[in-house]
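Dumped input-v5.cif below, it's mmCIF, C-alpha atoms:
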```cif
data_run
loop_
_atom_site.label_atom_id
_atom_site.label_comp_id
_atom_site.auth_asym_id
_atom_site.auth_seq_id
_atom_site.Cartn_x
_atom_site.Cartn_y
_atom_site.Cartn_z
CA MET A 1472 126.52 -4.37 -98.44
CA ARG A 1473 123.39 -5.81 -99.91
CA THR A 1474 122.76 -7.72 -96.73
CA ILE A 1475 122.99 -4.58 -94.62
CA ARG A 1476 120.70 -2.69 -96.95
CA SER A 1477 118.19 -5.51 -96.89
CA ARG A 1478 118.24 -5.52 -93.15
CA LYS A 1479 117.73 -1.74 -93.06
CA HIS A 1480 114.95 -2.06 -95.59
CA THR A 1481 113.38 -4.79 -93.54
CA ALA A 1482 113.67 -2.69 -90.38
CA ALA A 1483 112.11 0.28 -92.14
CA LEU A 1484 109.27 -1.90 -93.35
CA ALA A 1485 108.79 -3.20 -89.84
CA ALA A 1486 108.67 0.33 -88.49
CA VAL A 1487 106.12 1.37 -91.06
CA THR A 1488 104.10 -1.73 -90.29
CA ALA A 1489 104.21 -0.92 -86.61
CA VAL A 1490 103.04 2.64 -87.28
CA LEU A 1491 100.22 1.35 -89.44
CA ALA A 1492 99.26 -1.12 -86.74
CA LEU A 1493 99.18 1.63 -84.18
CA SER A 1494 96.98 3.75 -86.46
CA LEU A 1495 94.61 0.88 -86.98
CA THR A 1496 94.45 0.27 -83.27
CA ALA A 1497 93.62 3.91 -82.68
CA CYS A 1498 90.83 3.73 -85.26
CA GLY A 1499 89.49 0.61 -83.64
CA GLY A 1500 89.37 2.48 -80.32
CA ASP A 1501 87.26 5.26 -81.89
CA ASP A 1502 84.83 2.69 -83.26
CA THR A 1503 84.55 1.07 -79.90
CA GLY A 1504 83.91 4.44 -78.28
CA THR A 1505 81.24 5.26 -80.80
CA LYS A 1506 79.56 1.93 -80.25
CA SER A 1507 79.56 2.40 -76.50
CA ALA A 1508 78.10 5.87 -76.89
CA GLY A 1509 75.32 4.34 -79.00
CA PRO A 1510 73.98 2.10 -76.24
CA ALA A 1511 74.19 5.03 -73.85
CA ASN A 1512 72.00 7.04 -76.17
CA ASN A 1513 69.74 4.04 -76.58
CA SER A 1514 69.47 3.82 -72.81
CA ASP A 1515 68.39 7.47 -72.67
CA THR A 1516 65.98 6.81 -75.46
CA ALA A 1517 64.70 3.78 -73.64
CA SER A 1518 64.28 5.87 -70.52
CA THR A 1519 62.45 8.49 -72.51
CA GLY A 1520 60.43 5.76 -74.12
CA ALA A 1521 59.58 4.36 -70.70
CA SER A 1522 58.52 7.73 -69.46
CA GLN A 1523 56.34 8.30 -72.51
CA PRO A 1524 54.29 5.13 -71.99
CA SER A 1525 53.97 6.21 -68.36
CA THR A 1526 52.61 9.55 -69.54
CA ASP A 1527 50.32 7.76 -71.98
CA ALA A 1528 49.14 5.49 -69.19
CA THR A 1529 48.33 8.50 -67.05
CA THR A 1530 46.44 10.05 -69.91
CA THR A 1531 44.55 6.80 -70.43
CA ASP A 1532 43.68 6.61 -66.73
CA THR A 1533 42.51 10.21 -66.78
CA THR A 1534 40.40 9.50 -69.81
CA LYS A 1535 38.90 6.47 -68.12
CA THR A 1536 38.26 8.43 -64.98
CA GLY A 1537 36.65 11.19 -66.96
CA GLY A 1538 34.51 8.67 -68.79
CA THR A 1539 33.40 7.12 -65.53
CA ALA A 1540 32.54 10.50 -64.08
CA GLN A 1541 30.48 11.36 -67.12
CA ASN A 1542 28.67 8.03 -66.97
CA THR A 1543 28.07 8.48 -63.25
CA GLY A 1544 26.73 11.95 -63.93
CA ALA A 1545 24.43 10.63 -66.64
CA THR A 1546 23.23 7.88 -64.33
CA LYS A 1547 22.67 10.36 -61.54
CA THR A 1548 20.84 12.68 -63.86
CA GLY A 1549 18.89 9.60 -64.73
CA THR A 1550 16.81 10.72 -67.66
CA SER A 1551 15.82 7.11 -68.24
CA LYS A 1552 15.63 6.23 -64.55
CA SER A 1553 13.60 9.28 -63.67
CA GLY A 1554 11.21 8.14 -66.36
CA THR A 1555 10.63 11.53 -67.85
CA ALA A 1556 9.07 10.09 -70.96
CA ALA A 1557 7.20 7.37 -69.12
CA GLY A 1558 6.11 9.78 -66.43
CA SER A 1559 4.85 12.28 -68.96
CA GLY A 1560 3.01 9.53 -70.78
CA ALA A 1561 1.45 8.25 -67.59
CA THR A 1562 0.64 11.73 -66.37
CA GLY A 1563 -0.75 12.79 -69.73
CA GLY A 1564 -2.97 9.72 -69.86
CA ASN A 1565 -4.47 10.04 -66.37
CA THR A 1566 -5.21 13.71 -65.83
CA GLY A 1567 -8.81 13.83 -66.96
CA ASP A 1568 -11.76 14.50 -64.67
CA SER A 1569 -13.41 11.27 -65.75
CA TYR A 1570 -10.40 9.35 -64.46
CA ALA A 1571 -10.54 11.25 -61.16
CA TYR A 1572 -14.23 10.44 -60.69
CA LYS A 1573 -13.41 6.74 -60.77
CA HIS A 1574 -10.22 6.94 -58.69
CA PRO A 1575 -10.53 8.42 -55.19
CA CYS A 1576 -7.40 10.06 -53.86
CA LYS A 1577 -5.15 8.04 -51.60
CA SER A 1578 -3.75 9.68 -48.50
CA SER A 1579 -0.27 8.56 -49.58
CA ASP A 1580 -0.62 10.77 -52.68
CA LEU A 1581 -1.73 13.85 -50.76
CA SER A 1582 -0.03 16.57 -48.76
CA VAL A 1583 -2.26 18.56 -46.41
CA ARG A 1584 -1.46 22.03 -45.09
CA VAL A 1585 -3.40 24.29 -42.72
CA TYR A 1586 -2.45 27.95 -42.30
CA PRO A 1587 -4.12 31.28 -41.43
CA ARG A 1588 -5.62 33.17 -44.33
CA GLU A 1589 -3.88 36.47 -44.90
CA GLY A 1590 -6.02 39.41 -43.89
CA SER A 1591 -8.28 37.44 -41.53
CA SER A 1592 -7.92 36.65 -37.83
CA THR A 1593 -10.53 33.88 -37.79
CA GLN A 1594 -10.14 32.04 -41.11
CA GLN A 1595 -7.87 29.08 -41.87
CA VAL A 1596 -6.90 27.70 -45.27
CA ILE A 1597 -6.96 23.93 -45.79
CA GLU A 1598 -4.75 23.09 -48.76
CA VAL A 1599 -4.71 19.53 -50.11
CA ASN A 1600 -1.99 18.95 -52.70
CA ASN A 1601 -2.02 16.01 -55.10
CA THR A 1602 1.56 14.78 -55.12
CA GLY A 1603 0.77 11.70 -57.19
CA ALA A 1604 1.21 11.14 -60.91
CA ASN A 1605 -2.49 10.89 -61.77
CA SER A 1606 -5.66 12.84 -61.19
CA CYS A 1607 -7.83 11.68 -58.32
CA GLY A 1608 -11.16 12.52 -56.76
CA LEU A 1609 -11.94 14.03 -53.35
CA SER A 1610 -15.20 14.47 -51.50
CA TYR A 1611 -16.75 17.91 -52.01
CA PHE A 1612 -15.18 19.20 -48.81
CA PRO A 1613 -12.82 17.88 -46.13
CA ARG A 1614 -14.19 16.39 -42.94
CA VAL A 1615 -13.20 18.79 -40.16
CA GLY A 1616 -13.51 18.52 -36.39
CA LEU A 1617 -12.51 21.24 -33.94
CA GLY A 1618 -11.50 20.05 -30.50
CA ALA A 1619 -8.95 19.82 -27.72
CA SER A 1620 -5.67 18.15 -28.52
CA LYS A 1621 -5.49 16.35 -25.16
CA ALA A 1622 -9.08 15.10 -25.18
CA SER A 1623 -9.50 11.34 -25.05
CA ASP A 1624 -13.05 11.60 -26.37
CA HIS A 1625 -13.55 13.59 -29.58
CA SER A 1626 -17.28 12.99 -29.81
CA LYS A 1627 -17.84 16.53 -28.59
CA ASP A 1628 -15.65 18.12 -31.25
CA ILE A 1629 -17.33 20.98 -33.09
CA THR A 1630 -18.30 20.33 -36.69
CA PRO A 1631 -18.51 23.35 -39.02
CA ALA A 1632 -21.50 24.09 -41.21
CA VAL A 1633 -21.08 23.48 -44.97
CA PRO A 1634 -22.96 24.70 -48.05
CA GLY A 1635 -26.18 22.84 -48.86
CA GLY A 1636 -27.74 21.71 -52.10
CA LEU A 1637 -24.74 19.65 -53.16
CA GLY A 1638 -24.98 17.65 -56.35
CA GLY A 1639 -23.49 17.17 -59.76
CA ALA A 1640 -20.12 15.49 -60.29
CA PRO A 1641 -19.38 12.43 -58.16
CA ALA A 1642 -16.19 13.96 -56.75
CA TYR A 1643 -13.97 17.02 -56.77
CA PRO A 1644 -11.18 16.26 -59.29
CA VAL A 1645 -7.60 17.18 -58.43
CA LYS A 1646 -4.97 17.07 -61.14
CA PRO A 1647 -1.36 16.08 -60.39
CA LYS A 1648 0.76 18.81 -58.78
CA THR A 1649 -2.27 20.97 -58.06
CA ALA A 1650 -4.19 21.74 -54.88
CA ALA A 1651 -7.77 21.58 -53.68
CA ILE A 1652 -8.42 24.50 -51.32
CA ALA A 1653 -11.08 24.92 -48.66
CA VAL A 1654 -11.45 27.78 -46.19
CA ILE A 1655 -12.95 27.54 -42.72
CA ASP A 1656 -14.01 30.50 -40.60
CA LEU A 1657 -13.77 29.59 -36.92
CA ASN A 1658 -15.76 32.59 -35.75
CA PRO A 1659 -17.63 34.34 -38.58
CA SER A 1660 -19.31 36.85 -36.27
CA GLY A 1661 -16.11 37.73 -34.49
CA GLY A 1662 -17.88 37.58 -31.11
CA ASN A 1663 -17.30 35.46 -28.07
CA GLY A 1664 -16.77 31.75 -28.48
CA VAL A 1665 -15.45 28.64 -26.76
CA THR A 1666 -11.78 28.79 -25.88
CA TRP A 1667 -11.00 25.13 -25.26
CA VAL A 1668 -10.52 24.40 -28.97
CA ASN A 1669 -6.85 24.32 -29.90
CA GLU A 1670 -6.73 21.70 -32.64
CA MET A 1671 -8.22 21.12 -36.07
CA ASN A 1672 -8.63 17.53 -37.25
CA VAL A 1673 -8.74 17.20 -41.04
CA LEU A 1674 -9.66 14.19 -43.16
CA ALA A 1675 -9.08 15.15 -46.78
CA ASP A 1676 -11.80 12.84 -48.11
CA GLY A 1677 -14.58 12.02 -45.68
CA ASP A 1678 -16.37 9.80 -48.20
CA HIS A 1679 -13.61 7.30 -48.97
CA MET A 1680 -10.77 7.58 -46.44
CA PRO A 1681 -10.69 5.82 -43.06
CA ASN A 1682 -10.61 7.85 -39.85
CA ALA A 1683 -7.01 6.69 -39.36
CA ASP A 1684 -6.00 9.06 -42.19
CA THR A 1685 -7.15 12.08 -40.19
CA GLN A 1686 -4.43 14.66 -39.61
CA ASN A 1687 -4.21 16.99 -36.63
CA PHE A 1688 -3.21 20.64 -36.81
CA GLU A 1689 -2.53 22.91 -33.87
CA LEU A 1690 -4.47 26.18 -33.91
CA GLY A 1691 -2.50 27.97 -31.23
CA PRO A 1692 -3.64 29.91 -28.15
CA ASP A 1693 -6.44 32.47 -27.80
CA VAL A 1694 -8.65 30.82 -30.41
CA LYS A 1695 -12.38 31.46 -30.08
CA VAL A 1696 -14.75 29.18 -31.94
CA ASN A 1697 -18.36 30.14 -32.57
CA SER A 1698 -20.62 28.70 -35.30
CA PRO A 1699 -17.74 27.86 -37.69
CA LYS A 1700 -18.33 27.66 -41.44
CA LEU A 1701 -16.50 25.54 -43.98
CA GLY A 1702 -16.61 25.95 -47.76
CA LEU A 1703 -16.28 23.44 -50.57
CA TYR A 1704 -13.02 22.58 -52.29
CA GLN A 1705 -12.06 25.17 -54.89
CA GLY A 1706 -9.10 26.02 -57.08
CA SER A 1707 -8.19 29.28 -55.31
CA VAL A 1708 -8.40 30.84 -51.87
CA ALA A 1709 -10.74 33.57 -53.12
CA ASP A 1710 -13.22 31.06 -54.52
CA ALA A 1711 -12.94 28.99 -51.35
CA VAL A 1712 -13.81 32.05 -49.25
CA ASN A 1713 -16.90 32.72 -51.36
CA SER A 1714 -17.95 29.10 -50.96
CA MET A 1715 -17.44 29.28 -47.20
CA LYS A 1716 -19.78 32.24 -46.99
CA GLN A 1717 -22.55 30.05 -48.44
CA ALA A 1718 -22.26 27.57 -45.59
CA GLY A 1719 -25.31 27.26 -43.37
CA ASN A 1720 -27.58 28.88 -45.95
#
```
Target format structure tokens, applied to this file:
Amino acid sequence: MRTIRSRKHTAALAAVTAVLALSLTACGGDDTGTKSAGPANNSDTASTGASQPSTDATTTDTTKTGGTAQNTGATKTGTSKSGTAAGSGATGGNTGDSYAYKHPCKSSDLSVRVYPREGSSTQQVIEVNNTGANSCGLSYFPRVGLGASKASDHSKDITPAVPGGLGGAPAYPVKPKTAAIAVIDLNPSGGNGVTWVNEMNVLADGDHMPNADTQNFELGPDVKVNSPKLGLYQGSVADAVNSMKQAGN
């Protein structure tokens, strides 16, 4: 009887052991599942982490691009390259009349315009602009010849009368970014005149510039030239007109 009971007890113990083993196996399976879920989450995190550096890289590139654009803009604006300070210093130091008297204007620093004076059918304005950085000196009036554009010989060009009694300063000073203005009247009397003149030849400074610097300006058709008068350089058209009226006197 004891042997049978022992065997039953042993069988019961074996059954319990088997149940416990199965329970432990089930728990081990849960742990394994949890561990496998962990790497999956880590993979998502890694993917997210990979995407974040990508976003950061894009931001960095944008920042670099923006920085380059700003630097390019600053370079293009070129405060230092344009030499605002240096230019102002140079301009401020060389704008006096005394400097102009010693430095004749160069044709490369001048811009010459010729256009009809408003309110007059016979007068033309000669405007000489100083485009340089420093003051410079011009002759008292431009050298002007009135002739035919197709003429091979300009020795017969008409020369206007100018005011007499000139004296005083050695030159007419022109500051930077300003203009010297002279007015010529092609036909002061308004009467009949020669009709073959269709061109005005202007040399801004007849005292210092070579003839090669002469510029030609078309006058247009129906121009009549008779005893023309040319005034001295002035700072305004009105003053230049008054000076022109003194020519020939």
Check: Nearest to Val1696 (chain A): which of A:Gly1618, A:Pro1613, A:Gly1603, A:Pro1634 is it, counting all atoms listed in the file?
Finding: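 Comparing A:Gly1618, A:Pro1613, A:Gly1603, A:Pro1634 against Val1696 (chain A), the winner is A:Gly1618.
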Computed gap from CA of Ser1714 (chain A) to CA of Ser1569 (chain A) is 23.6 Å
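Taking CA of Leu1637 (chain A) and CA of Val1673 (chain A) as the two end points, the separation is 20.2 Å.
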Worksheet item: Mind telling me what the PyMOL selection byres ((chain A and resi 1680) around 10) catches here, as a list in words?
Response: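 With the PyMOL selection byres ((chain A and resi 1680) around 10) on this model, the match is Pro1575, Cys1576, Lys1577, Ser1578, Leu1609, Ser1610, Leu1674, Ala1675, Asp1676, Gly1677, Asp1678, His1679, Pro1681, Asn1682, Ala1683, Asp1684 and Thr1685 of chain A.
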Can you write out the residues you just picked, keeping C-alpha atoms, as a compact mmCIF listing (two decimals), in the coordinates of the input?
```
# COMPACT_ATOMS: atom_id res chain seq x y z
CA PRO A 1575 -10.53 8.42 -55.19
CA CYS A 1576 -7.40 10.06 -53.86
CA LYS A 1577 -5.15 8.04 -51.60
CA SER A 1578 -3.75 9.68 -48.50
CA LEU A 1609 -11.94 14.03 -53.35
CA SER A 1610 -15.20 14.47 -51.50
CA LEU A 1674 -9.66 14.19 -43.16
CA ALA A 1675 -9.08 15.15 -46.78
CA ASP A 1676 -11.80 12.84 -48.11
CA GLY A 1677 -14.58 12.02 -45.68
CA ASP A 1678 -16.37 9.80 -48.20
CA HIS A 1679 -13.61 7.30 -48.97
CA PRO A 1681 -10.69 5.82 -43.06
CA ASN A 1682 -10.61 7.85 -39.85
CA ALA A 1683 -7.01 6.69 -39.36
CA ASP A 1684 -6.00 9.06 -42.19
CA THR A 1685 -7.15 12.08 -40.19
```
Query raised in the report: When you draw a straight line from CA of Cys1607 (chain A) to CA of Val1645 (chain A), how long is it in Å?
Result: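 For CA of Cys1607 (chain A) relative to CA of Val1645 (chain A), the distance reads 5.5 Å.
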Between A:Gly1616, A:Gly1567, A:Gly1664, A:Pro1647, which is the closest to Asn1601 (chain A) once you count only C-alpha atoms?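 Under the stated criterion, the closest residue is A:Pro1647.
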Among A:Gly1691, A:Gly1635, A:Gly1706, A:Gly1661, Pro1587 (chain A) is approached most closely, using all atoms listed in the file, by A:Gly1691
Which residues match the PyMOL selection byres ((chain A and resi 1592) around 12) in the file above, as number ranges by chain?
A: 1586-1591, 1593-1596, 1655-1661, 1690, 1693-1696
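Of the listed residues (A:Asn1697, A:Ser1582, A:Gln1717, A:Asn1669), A:Asn1669 comes nearest to Leu1617 (chain A); the distances count all atoms listed in the file.
Among the candidates A:Gly1608, A:Gly1636, A:Pro1644, A:Pro1699, the residue lying nearest to Asn1720 (chain A) is A:Gly1636 (atoms considered: only C-alpha atoms).
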Who sits within 9 Å of Phe1612 (chain A), all atoms listed in the file, same chain under 6 positions skipped, as a ChimeraX atom specification:
/A:1633,1643,1652-1653,1675-1677,1701-1704
Print the selection's residues with C-alpha atoms to a file, as a short mmCIF file (atom, residue, chain, number, x, y, z; two decimals), in the coordinates of the input.
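That gives us selection-v4.cif:
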```
data_model
loop_
_atom_site.label_atom_id
_atom_site.label_comp_id
_atom_site.auth_asym_id
_atom_site.auth_seq_id
_atom_site.Cartn_x
_atom_site.Cartn_y
_atom_site.Cartn_z
CA VAL A 1633 -21.08 23.48 -44.97
CA TYR A 1643 -13.97 17.02 -56.77
CA ILE A 1652 -8.42 24.50 -51.32
CA ALA A 1653 -11.08 24.92 -48.66
CA ALA A 1675 -9.08 15.15 -46.78
CA ASP A 1676 -11.80 12.84 -48.11
CA GLY A 1677 -14.58 12.02 -45.68
CA LEU A 1701 -16.50 25.54 -43.98
CA GLY A 1702 -16.61 25.95 -47.76
CA LEU A 1703 -16.28 23.44 -50.57
CA TYR A 1704 -13.02 22.58 -52.29
#
```
message: Here is a test: counting all atoms listed in the file, which residue of A:Leu1581, A:Ala1718, A:Val1668, A:Ala1640 is nearest to Ser1620 (chain A)?
response: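 Ranked by minimum distance to Ser1620 (chain A), first place goes to A:Val1668.
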I'd like the contact shell of Phe1688 (chain A) - 7 Å cut-off, all atoms listed in the file, skipping same-chain residues fewer than 5 positions apart - returned as a PyMOL selection string.
chain A and resi 1585+1670-1672
